[in-house]
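Colleague: This is upload-v4.txt, which holds compact mmCIF, C-alpha atoms and all ligand atoms:
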```
# COMPACT_ATOMS: atom_id res chain seq x y z
CA MET R 79 198.67 16.88 -61.66
CA SER R 80 197.72 20.45 -62.33
CA GLY R 81 194.86 22.00 -64.20
CA GLU R 82 194.03 20.14 -67.35
CA LEU R 83 192.62 16.70 -67.50
CA PRO R 84 195.08 14.53 -69.42
CA ILE R 85 193.52 12.48 -72.20
CA PHE R 86 195.50 9.63 -73.79
CA THR R 87 194.29 7.97 -76.95
CA LEU R 88 195.25 4.52 -78.10
CA GLY R 89 194.13 3.01 -81.39
CA GLY R 90 193.88 -0.65 -82.24
CA GLU R 91 192.11 -3.82 -81.46
CA GLU R 92 193.29 -7.06 -79.90
CA ALA R 93 196.92 -5.88 -80.21
CA LEU R 94 196.16 -3.33 -77.48
CA LYS R 95 196.18 -6.17 -74.96
CA SER R 96 199.96 -6.44 -74.80
CA LEU R 97 202.79 -5.65 -72.40
CA PRO R 98 204.26 -2.90 -74.63
CA LYS R 99 200.90 -1.11 -74.67
CA ALA R 100 200.54 -1.55 -70.90
CA ARG R 101 204.00 -0.08 -70.47
CA TRP R 102 202.97 2.87 -72.62
CA VAL R 103 199.93 3.50 -70.39
CA TRP R 104 201.98 3.23 -67.18
CA LYS R 105 204.49 5.67 -68.62
CA LYS R 106 201.67 8.17 -69.07
CA PHE R 107 200.48 7.56 -65.49
CA TRP R 108 204.03 8.18 -64.31
CA GLN R 109 204.53 11.31 -66.45
CA TYR R 110 201.32 12.86 -65.17
CA GLY R 111 201.80 11.71 -61.60
CA VAL R 112 198.48 9.88 -61.53
CA ASP R 113 197.66 9.02 -57.93
CA ARG R 114 195.12 7.02 -56.01
CA GLY R 115 192.99 10.06 -55.32
CA GLN R 116 192.12 10.16 -59.01
CA GLN R 117 189.94 8.02 -61.23
CA VAL R 118 190.69 6.77 -64.70
CA LEU R 119 187.90 6.99 -67.25
CA LEU R 120 188.17 4.32 -69.93
CA ILE R 121 186.31 4.95 -73.19
CA GLY R 122 186.47 2.17 -75.76
CA GLY R 123 185.73 -1.38 -76.80
CA GLY R 124 186.53 -4.58 -74.94
CA SER R 125 190.21 -4.52 -75.92
CA LEU R 126 190.76 -1.06 -74.49
CA LEU R 127 188.76 -1.84 -71.34
CA ASP R 128 190.73 -5.06 -70.76
CA LEU R 129 194.04 -3.18 -71.14
CA GLY R 130 193.01 -0.03 -69.29
CA GLY R 131 191.35 -1.92 -66.46
CA PHE R 132 194.49 -3.97 -65.94
CA CYS R 133 196.81 -0.96 -66.07
CA ALA R 134 194.66 0.91 -63.54
CA ALA R 135 194.21 -2.13 -61.29
CA VAL R 136 197.92 -2.67 -60.72
CA TRP R 137 199.17 0.96 -60.78
CA LYS R 138 200.05 1.88 -57.21
CA ARG R 139 198.16 -1.29 -56.26
CA GLY R 140 194.91 -0.05 -57.68
CA LEU R 141 193.42 3.11 -59.16
CA PRO R 142 189.64 3.22 -59.32
CA TYR R 143 188.31 3.36 -62.85
CA ILE R 144 185.05 4.02 -64.66
CA SER R 145 184.22 2.28 -67.94
CA LEU R 146 182.39 3.83 -70.83
CA PRO R 147 181.99 0.93 -73.28
CA THR R 148 181.66 1.88 -76.95
CA THR R 149 181.13 -1.48 -78.72
CA LEU R 150 178.31 -3.99 -78.42
CA VAL R 151 180.70 -6.60 -76.96
CA ALA R 152 181.79 -4.13 -74.32
CA GLN R 153 178.30 -2.76 -73.56
CA ILE R 154 176.72 -6.15 -72.92
CA ASP R 155 179.73 -8.09 -71.66
CA ALA R 156 183.30 -6.82 -71.27
CA ALA R 157 182.52 -3.78 -69.11
CA TYR R 158 181.12 -5.80 -66.20
CA GLY R 159 182.59 -8.36 -63.91
CA GLY R 160 186.09 -7.01 -63.51
CA LYS R 161 188.02 -9.42 -65.69
CA THR R 162 190.95 -7.41 -67.01
CA GLY R 163 193.69 -8.88 -69.12
CA LEU R 164 196.55 -8.91 -71.54
CA ASN R 165 197.51 -11.60 -74.03
CA PHE R 166 200.90 -13.25 -73.75
CA ARG R 167 202.78 -15.25 -76.37
CA GLY R 168 199.66 -15.78 -78.42
CA GLY R 169 197.56 -16.94 -75.45
CA LYS R 170 194.41 -14.98 -74.58
CA ASN R 171 194.10 -13.07 -71.31
CA LEU R 172 196.98 -14.89 -69.60
CA ILE R 173 197.99 -11.86 -67.55
CA GLY R 174 195.25 -10.16 -65.61
CA VAL R 175 193.47 -9.51 -62.36
CA TYR R 176 189.87 -9.24 -61.23
CA ALA R 177 189.21 -5.54 -60.75
CA PRO R 178 185.66 -4.34 -61.38
CA ALA R 179 185.01 -0.83 -62.65
CA ALA R 180 183.70 1.50 -59.96
CA GLU R 181 180.95 2.47 -62.40
CA VAL R 182 179.91 1.61 -65.94
CA TRP R 183 178.22 4.27 -68.04
CA VAL R 184 176.41 2.91 -71.09
CA TRP R 185 175.51 5.27 -73.91
CA PRO R 186 173.86 3.29 -76.73
CA GLY R 187 174.56 6.14 -79.17
CA PHE R 188 178.13 4.84 -79.53
CA LEU R 189 176.78 1.81 -81.37
CA GLN R 190 175.61 4.01 -84.25
CA THR R 191 179.17 4.48 -85.51
CA LEU R 192 180.32 0.91 -84.97
CA PRO R 193 181.38 -0.78 -88.23
CA LEU R 194 178.93 -3.47 -89.31
CA ARG R 195 181.50 -6.20 -88.83
CA ASP R 196 182.02 -5.24 -85.16
CA LEU R 197 178.29 -4.87 -84.59
CA ARG R 198 177.58 -8.36 -85.91
CA ALA R 199 180.46 -9.75 -83.88
CA GLY R 200 178.89 -8.20 -80.77
CA TRP R 201 175.69 -10.10 -81.44
CA ALA R 202 177.59 -13.38 -80.99
CA GLU R 203 178.04 -12.48 -77.30
CA ALA R 204 174.33 -11.63 -77.21
CA VAL R 205 173.57 -15.14 -78.45
CA LYS R 206 175.77 -16.60 -75.71
CA GLN R 207 174.08 -14.43 -73.09
CA ALA R 208 170.61 -15.42 -74.34
CA LEU R 209 171.40 -19.14 -74.42
CA LEU R 210 172.61 -18.93 -70.84
CA ASP R 211 169.45 -17.15 -69.79
CA SER R 212 166.23 -18.52 -71.24
CA ALA R 213 164.36 -19.75 -74.32
CA GLU R 214 162.46 -16.47 -74.30
CA LEU R 215 165.58 -14.31 -74.51
CA TRP R 216 167.04 -16.61 -77.17
CA GLN R 217 163.86 -16.09 -79.23
CA ALA R 218 164.16 -12.32 -78.85
CA VAL R 219 167.79 -12.38 -80.01
CA GLN R 220 166.97 -14.78 -82.83
CA ALA R 221 164.28 -12.40 -84.09
CA ALA R 222 166.57 -9.35 -84.05
CA PRO R 223 168.48 -8.23 -87.18
CA PHE R 224 172.21 -8.32 -86.39
CA SER R 225 172.81 -5.43 -88.80
CA LYS R 226 171.35 -3.05 -86.19
CA PRO R 227 172.11 -2.44 -82.53
CA PRO R 228 169.66 -4.06 -80.12
CA ASP R 229 166.78 -1.84 -79.03
CA LEU R 230 167.05 -0.36 -75.56
CA ALA R 231 164.86 -2.98 -73.88
CA LEU R 232 166.90 -5.85 -75.34
CA LEU R 233 170.22 -4.13 -74.56
CA ASP R 234 169.11 -3.76 -70.96
CA ARG R 235 168.09 -7.43 -70.71
CA LEU R 236 171.40 -8.61 -72.15
CA ILE R 237 173.36 -6.48 -69.68
CA ARG R 238 171.35 -7.91 -66.80
CA VAL R 239 172.15 -11.48 -67.84
CA LYS R 240 175.86 -10.79 -67.49
CA LEU R 241 175.34 -8.98 -64.17
CA ARG R 242 173.29 -11.85 -62.76
CA TRP R 243 175.92 -14.48 -63.58
CA VAL R 244 178.73 -12.31 -62.24
CA GLU R 245 176.89 -11.53 -58.99
CA LYS R 246 176.50 -15.25 -58.30
CA ASP R 247 180.24 -15.77 -58.31
CA PRO R 248 182.29 -12.54 -58.68
CA TYR R 249 185.71 -14.24 -58.70
CA GLU R 250 184.74 -17.43 -60.54
CA ARG R 251 185.49 -19.47 -57.43
CA GLU R 252 182.23 -21.30 -56.91
CA GLY R 253 181.84 -22.25 -60.52
CA ALA R 254 178.59 -20.40 -61.25
CA ARG R 255 180.29 -17.71 -63.31
CA PHE R 256 182.12 -20.38 -65.24
CA ALA R 257 179.04 -20.73 -67.44
CA LEU R 258 179.91 -17.41 -69.08
CA ASN R 259 182.78 -19.22 -70.80
CA LEU R 260 180.30 -20.98 -73.07
CA GLY R 261 181.75 -21.02 -76.60
CA HIS R 262 184.96 -19.43 -75.36
CA THR R 263 187.32 -22.40 -75.10
CA ALA R 264 187.09 -23.17 -78.79
CA GLY R 265 186.48 -19.45 -79.38
CA HIS R 266 189.72 -18.29 -77.75
CA LEU R 267 191.70 -21.01 -79.53
CA ILE R 268 190.24 -19.88 -82.85
CA GLU R 269 190.97 -16.23 -82.03
CA SER R 270 194.61 -17.04 -81.24
CA LEU R 271 194.98 -19.30 -84.29
CA ALA R 272 193.58 -16.62 -86.57
CA GLN R 273 195.93 -14.06 -85.08
CA LYS R 274 198.88 -16.37 -85.65
CA ALA R 275 197.74 -17.05 -89.23
CA GLY R 276 197.87 -13.29 -89.86
CA GLU R 277 194.12 -13.00 -90.50
CA PRO R 278 192.69 -11.90 -87.18
CA LEU R 279 189.04 -12.45 -86.43
CA ARG R 280 186.91 -10.23 -84.24
CA HIS R 281 186.45 -11.71 -80.78
CA GLY R 282 182.74 -12.20 -81.46
CA GLU R 283 183.40 -13.96 -84.78
CA ALA R 284 185.67 -16.45 -83.02
CA VAL R 285 183.02 -16.89 -80.31
CA ALA R 286 180.35 -17.60 -82.95
CA LEU R 287 182.48 -20.43 -84.36
CA GLY R 288 183.32 -21.58 -80.83
CA LEU R 289 179.65 -21.67 -79.87
CA ILE R 290 178.74 -23.87 -82.84
CA GLN R 291 181.59 -26.25 -82.04
CA GLU R 292 180.89 -26.44 -78.31
CA LEU R 293 177.14 -26.85 -78.88
CA SER R 294 178.01 -29.67 -81.30
CA LEU R 295 179.98 -31.27 -78.49
CA SER R 296 176.97 -30.93 -76.17
CA CYS R 297 174.84 -32.67 -78.81
CA GLN R 298 177.40 -35.46 -79.26
CA ARG R 299 177.34 -36.07 -75.52
CA GLY R 300 173.57 -36.37 -75.63
CA LEU R 301 173.06 -33.25 -73.53
CA LEU R 302 171.54 -30.87 -76.06
CA PRO R 303 168.88 -31.49 -78.70
CA GLU R 304 170.18 -31.12 -82.27
CA SER R 305 167.28 -28.76 -82.99
CA LEU R 306 168.76 -25.99 -80.81
CA LEU R 307 172.18 -26.35 -82.46
CA ALA R 308 170.43 -26.08 -85.85
CA GLU R 309 168.63 -22.89 -84.77
CA VAL R 310 171.86 -21.20 -83.66
CA TRP R 311 173.71 -22.36 -86.76
CA THR R 312 170.96 -21.10 -89.07
CA LYS R 313 170.87 -17.69 -87.38
CA PHE R 314 174.65 -17.28 -87.58
CA ARG R 315 174.61 -18.33 -91.25
CA GLU R 316 171.80 -15.93 -92.10
CA GLU R 317 173.75 -13.12 -90.45
CA ALA R 318 176.99 -14.07 -92.27
CA LEU R 319 178.73 -14.36 -88.91
CA LEU R 320 180.60 -17.59 -89.57
CA ARG R 321 184.00 -16.80 -91.01
CA PRO R 322 186.28 -19.54 -92.38
CA MET R 323 188.22 -21.42 -89.72
CA PRO R 324 191.92 -20.48 -89.53
CA PRO R 325 194.33 -23.29 -90.42
CA PHE R 326 195.85 -25.15 -87.46
CA SER R 327 198.20 -28.00 -86.71
CA ARG R 328 197.70 -30.42 -83.85
CA ARG R 329 200.87 -29.17 -82.23
CA LEU R 330 199.94 -25.51 -82.23
CA TRP R 331 196.42 -26.36 -81.04
CA GLU R 332 197.88 -28.29 -78.09
CA THR R 333 200.35 -25.55 -77.23
CA LEU R 334 197.58 -22.98 -77.09
CA LEU R 335 195.13 -25.20 -75.22
CA ARG R 336 197.72 -26.00 -72.54
CA GLN R 337 197.63 -22.33 -71.54
CA ASP R 338 193.85 -22.19 -71.25
CA LYS R 339 192.65 -21.20 -67.78
CA LYS R 340 189.97 -23.88 -67.94
CA ILE R 341 192.63 -26.61 -67.76
CA ARG R 342 192.96 -27.77 -64.15
CA ALA R 343 195.36 -30.57 -63.30
CA GLY R 344 195.43 -31.66 -66.92
CA ARG R 345 191.66 -31.90 -67.32
CA LEU R 346 189.62 -29.54 -69.43
CA TYR R 347 186.48 -28.17 -67.80
CA LEU R 348 183.81 -26.86 -70.12
CA PRO R 349 180.38 -25.38 -69.62
CA LEU R 350 178.10 -27.42 -71.88
CA LEU R 351 174.60 -26.34 -72.80
CA VAL R 352 171.67 -28.60 -71.96
CA ALA R 353 168.85 -26.17 -72.85
CA PRO R 354 168.47 -22.38 -72.88
CA GLY R 355 169.13 -21.34 -69.30
CA GLN R 356 170.60 -24.72 -68.35
CA VAL R 357 174.32 -25.39 -68.31
CA ARG R 358 176.38 -28.29 -67.03
CA ILE R 359 180.09 -28.08 -66.24
CA GLU R 360 181.84 -31.23 -67.46
CA ALA R 361 185.43 -32.42 -67.42
CA ILE R 362 186.20 -33.63 -70.92
CA GLU R 363 189.14 -35.15 -72.71
CA PRO R 364 190.87 -32.39 -74.73
CA GLU R 365 190.80 -34.87 -77.62
CA ALA R 366 187.00 -34.54 -77.79
CA LEU R 367 187.29 -30.79 -78.32
CA TYR R 368 190.01 -31.30 -80.92
CA ARG R 369 187.82 -33.74 -82.85
CA VAL R 370 184.83 -31.43 -82.90
CA MET R 371 186.96 -28.50 -84.08
CA ARG R 372 188.50 -30.63 -86.83
CA ALA R 373 185.11 -31.95 -87.86
CA TYR R 374 183.78 -28.40 -88.14
CA THR R 375 186.78 -27.38 -90.25
CA ALA R 376 185.99 -30.22 -92.63
CA THR R 377 182.34 -29.10 -93.16
N1 LIG R 401 186.77 -8.68 -69.74
C1 LIG R 401 185.72 -9.33 -70.18
O1 LIG R 401 184.89 -9.81 -69.41
C2 LIG R 401 185.52 -9.48 -71.66
C3 LIG R 401 184.29 -9.93 -72.15
C4 LIG R 401 184.12 -10.00 -73.52
C5 LIG R 401 185.15 -9.65 -74.38
N2 LIG R 401 186.34 -9.25 -73.86
C6 LIG R 401 187.45 -8.87 -74.75
O2 LIG R 401 187.05 -7.78 -75.56
C7 LIG R 401 187.85 -7.79 -76.74
C8 LIG R 401 186.97 -7.52 -77.94
O3 LIG R 401 186.36 -6.27 -77.76
P1 LIG R 401 185.44 -5.59 -78.87
O4 LIG R 401 184.69 -6.62 -79.62
O5 LIG R 401 184.70 -4.53 -78.16
O6 LIG R 401 186.47 -5.00 -79.92
P2 LIG R 401 187.66 -3.94 -79.82
O7 LIG R 401 187.71 -3.30 -78.49
O8 LIG R 401 188.88 -4.63 -80.30
O9 LIG R 401 187.18 -2.82 -80.86
C9 LIG R 401 186.97 -3.14 -82.22
C10 LIG R 401 187.16 -1.92 -83.10
O10 LIG R 401 186.08 -1.01 -82.95
C11 LIG R 401 186.57 0.33 -82.78
N3 LIG R 401 185.53 1.03 -82.04
C12 LIG R 401 185.24 0.94 -80.73
N4 LIG R 401 184.12 1.63 -80.47
C13 LIG R 401 183.71 2.20 -81.61
C14 LIG R 401 182.60 3.02 -81.98
N5 LIG R 401 181.66 3.37 -81.10
N6 LIG R 401 182.49 3.43 -83.26
C15 LIG R 401 183.42 3.04 -84.19
N7 LIG R 401 184.46 2.25 -83.92
C16 LIG R 401 184.60 1.82 -82.64
C17 LIG R 401 187.88 0.12 -82.08
O11 LIG R 401 188.74 1.23 -82.23
C18 LIG R 401 188.42 -1.12 -82.78
O12 LIG R 401 189.03 -0.78 -83.99
C19 LIG R 401 188.53 -9.15 -76.80
O13 LIG R 401 189.88 -9.02 -76.47
C20 LIG R 401 187.82 -9.95 -75.71
O14 LIG R 401 188.67 -10.93 -75.16
C21 LIG R 401 186.53 -9.14 -72.52
ZN ZN R 402 183.63 -13.09 -75.12
```
In C-alpha cells, how does this file's structure come out?
Modeller:
Amino acid sequence: MSGELPIFTLGGEEALKSLPKARWVWKKFWQYGVDRGQQVLLIGGGSLLDLGGFCAAVWKRGLPYISLPTTLVAQIDAAYGGKTGLNFRGGKNLIGVYAPAAEVWVWPGFLQTLPLRDLRAGWAEAVKQALLDSAELWQAVQAAPFSKPPDLALLDRLIRVKLRWVEKDPYEREGARFALNLGHTAGHLIESLAQKAGEPLRHGEAVALGLIQELSLSCQRGLLPESLLAEVWTKFREEALLRPMPPFSRRLWETLLRQDKKIRAGRLYLPLLVAPGQVRIEAIEPEALYRVMRAYTAT
C-alpha cells in the first residue's frame, strides 16, 4: 500500500454483522493489499467492532487490530475480550472467533453525540456489569441518570468489571466468563425475534428485557430475592428502557434457541443471579425459559 492511509466507512447497526458486509470489508483489504505488517483501526459501536474484529482476525490468518469504541455498549463491554462475530440466518453471533484487540482506546467524548436511545440501551449492559460485580456498584448505577453518559470514575469501574471477568477465563473454557452472558440468552432471542418482526431493538434494549426475564427465573428457582428483581425492574421502568416484547411463536422460539451457544448436548446452561456479585451456572429445561418469557409477555 502506498502513501495514503485508506479509510473505509460503513454505516448501519446490527445488519453490519453479516456475510455480505464481511465480504465488502475483505474486498477492501484485497484492493489495498492489506498485509500482516499493518494494523486495522476500528472506530465504531459494538456492531462495527464485532464485524471488523472478525474480518481482521481471519484475513491472512490474522491482522492485528486496535478498537476505538464510540458507543456506551462498546466502551464498557464489546471492545474487550475478543469476541468477534457475525449473525447467520437470524441467529446472533453464530460465526466468529476469539481475537482480542491489540489495544483499546477509549475516548468518552464520543458518547456526547450518541442518540439518547443508544445511550440508554448502553446502560442496560452497565446494569448487567454492576449486578455481576457488587451491591455497591449496582447502587452507583441505580443512582445514575441513564439520559447522560456515566461519569469518568463510573465508566472506568464498569470497564474494569468486564476486564476482570474476561481475564479469569479468556476463551470461556473454564466457565468463569460465562457469567457475562447474564440476561443474554433471553436477550439474544428477543433481539432476533424483534429483527424478524421488522421492528429491531437495540442490543441493550433486548438485554434489559432479557435481564428482567432471567432474574425472574432466578427468583422462581428460589435463588434470588424478589426485592432485587423489583429494584432492577423499577429502574428500567423509570428510564423507559423496557420496550414491548416482539411477537413470537413457539416454533420460531425453538428454532432460534436451538442455535444458542449456551446449549450443550441438548441442555441449556444459564448464569443465574443469586445476589450482586454472586452468580450460579445452572442447567435448566428450555421450557422454563420459554414459560418465563411468555409470562413476561402477558404482563
Ligand atoms: N463482542 C462483544 O463482546 C459484545 C459485547 C456487547 C455487545 N456486542 C454487540 O454489539 C452490538 C451492539 O452495539 P452498540 O449498542 O454499540 O450499537 P451499534 O454498534 O449497532 O451502533 C448503534 C448506532 O449508533 C451509531 N453510533 C455509534 N457511535 C456513535 C456516536 N459516538 N455518536 C452517534 N452515533 C453513533 C451507529 O452508527 C449506529 O447507528 C450487538 O450486535 C451486540 O451483540 C458485542
Ligand atoms: Zn451484550
Colleague: Nearest to R:Gly160 among R:Asp128, R:Glu316, R:Glu203, R:Asp211, with distances taken over all atoms listed in the file: which residue is it?
Modeller: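 Nearest to R:Gly160: R:Asp128.
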Colleague: Please report the interatomic distance between atom CA of R:Phe256 and atom CA of R:His281 in Å with one decimal.
Modeller: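 If I compute the distance from atom CA of R:Phe256 to atom CA of R:His281, I get 18.3 Å.
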Colleague: Show me which residues are within 6 Å of ligand LIG 401 (chain R) counting all atoms listed in the file, and format the list as an mmCIF file with C-alpha atoms, in the coordinates of the input.
Modeller:
```
data_model
loop_
_atom_site.group_PDB
_atom_site.id
_atom_site.type_symbol
_atom_site.label_atom_id
_atom_site.label_comp_id
_atom_site.auth_asym_id
_atom_site.auth_seq_id
_atom_site.Cartn_x
_atom_site.Cartn_y
_atom_site.Cartn_z
ATOM 1 C CA GLY R 89 194.130 3.010 -81.390
ATOM 2 C CA GLY R 90 193.880 -0.650 -82.240
ATOM 3 C CA GLU R 91 192.110 -3.820 -81.460
ATOM 4 C CA GLU R 92 193.290 -7.060 -79.900
ATOM 5 C CA GLY R 122 186.470 2.170 -75.760
ATOM 6 C CA GLY R 123 185.730 -1.380 -76.800
ATOM 7 C CA GLY R 124 186.530 -4.580 -74.940
ATOM 8 C CA SER R 125 190.210 -4.520 -75.920
ATOM 9 C CA LEU R 126 190.760 -1.060 -74.490
ATOM 10 C CA ASP R 128 190.730 -5.060 -70.760
ATOM 11 C CA THR R 148 181.660 1.880 -76.950
ATOM 12 C CA THR R 149 181.130 -1.480 -78.720
ATOM 13 C CA VAL R 151 180.700 -6.600 -76.960
ATOM 14 C CA ALA R 152 181.790 -4.130 -74.320
ATOM 15 C CA ASP R 155 179.730 -8.090 -71.660
ATOM 16 C CA ALA R 156 183.300 -6.820 -71.270
ATOM 17 C CA LYS R 161 188.020 -9.420 -65.690
ATOM 18 C CA THR R 162 190.950 -7.410 -67.010
ATOM 19 C CA PHE R 188 178.130 4.840 -79.530
ATOM 20 C CA LEU R 189 176.780 1.810 -81.370
ATOM 21 C CA THR R 191 179.170 4.480 -85.510
ATOM 22 C CA LEU R 192 180.320 0.910 -84.970
ATOM 23 C CA PRO R 193 181.380 -0.780 -88.230
ATOM 24 C CA HIS R 281 186.450 -11.710 -80.780
#
```
Colleague: When you draw a straight line from atom CA of R:Asp247 to atom CA of R:Cys133, how long is it in Å?
Modeller: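 Distance reported for this atom pair: 23.5 Å.
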Colleague: Neighbours of stretch 111-119 of chain R within 8 Å (only C-alpha atoms; same-chain residues fewer than 2 positions away dropped), as an MDAnalysis selection string?
Modeller: chainID R and resid 79 107:109 121 134 138 140:146
Colleague: Between atom CA of R:Pro324 and atom CA of R:Gln273, what is the distance, to one decimal in Å?
Modeller: 8.8 Å
Colleague: Residues near R:Glu277, anyone? I mean within 12 Å using all atoms listed in the file, not counting same-chain ones fewer than 2 positions away, as a list in words.
Modeller: Ile268, Glu269, Ser270, Leu271, Ala272, Gln273, Lys274, Ala275, Leu279, Arg280, Ala284, Arg321, Pro322, Met323, Pro324 and Pro325 of chain R
Colleague: Write a file of the just-selected residues containing C-alpha atoms, as a short mmCIF file (atom, residue, chain, number, x, y, z; two decimals), keeping the file's coordinate frame.
Modeller:
```cif
data_model
loop_
_atom_site.label_atom_id
_atom_site.label_comp_id
_atom_site.auth_asym_id
_atom_site.auth_seq_id
_atom_site.Cartn_x
_atom_site.Cartn_y
_atom_site.Cartn_z
CA ILE R 268 190.24 -19.88 -82.85
CA GLU R 269 190.97 -16.23 -82.03
CA SER R 270 194.61 -17.04 -81.24
CA LEU R 271 194.98 -19.30 -84.29
CA ALA R 272 193.58 -16.62 -86.57
CA GLN R 273 195.93 -14.06 -85.08
CA LYS R 274 198.88 -16.37 -85.65
CA ALA R 275 197.74 -17.05 -89.23
CA LEU R 279 189.04 -12.45 -86.43
CA ARG R 280 186.91 -10.23 -84.24
CA ALA R 284 185.67 -16.45 -83.02
CA ARG R 321 184.00 -16.80 -91.01
CA PRO R 322 186.28 -19.54 -92.38
CA MET R 323 188.22 -21.42 -89.72
CA PRO R 324 191.92 -20.48 -89.53
CA PRO R 325 194.33 -23.29 -90.42
#
```
Colleague: Point out the residue among R:Leu129, R:Leu346, R:Leu301, R:Leu289 with the least atom-to-atom distance to R:Ala361, counting all atoms listed in the file.
Modeller: R:Leu346
Colleague: Find the residue from R:Arg242, R:Gln153, R:Lys206, R:Leu172 that sits nearest to R:Leu335; use all atoms listed in the file when measuring.
Modeller: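 Closest residue, counting all atoms listed in the file: R:Leu172.
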Colleague: Pick out the closest residue to ligand ZN 402 (chain R) from this set: R:Leu230, R:Ala264, R:Leu94, R:Ala177. Count only C-alpha atoms and all ligand atoms.
Modeller: R:Ala264
Colleague: Which one of R:Ala202, R:Leu350, R:Ile362, R:Val136 sits closest to ligand ZN 402 (chain R) if you count only C-alpha atoms and all ligand atoms?
Modeller: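 With only C-alpha atoms and all ligand atoms as the atom set, the closest residue is R:Ala202.
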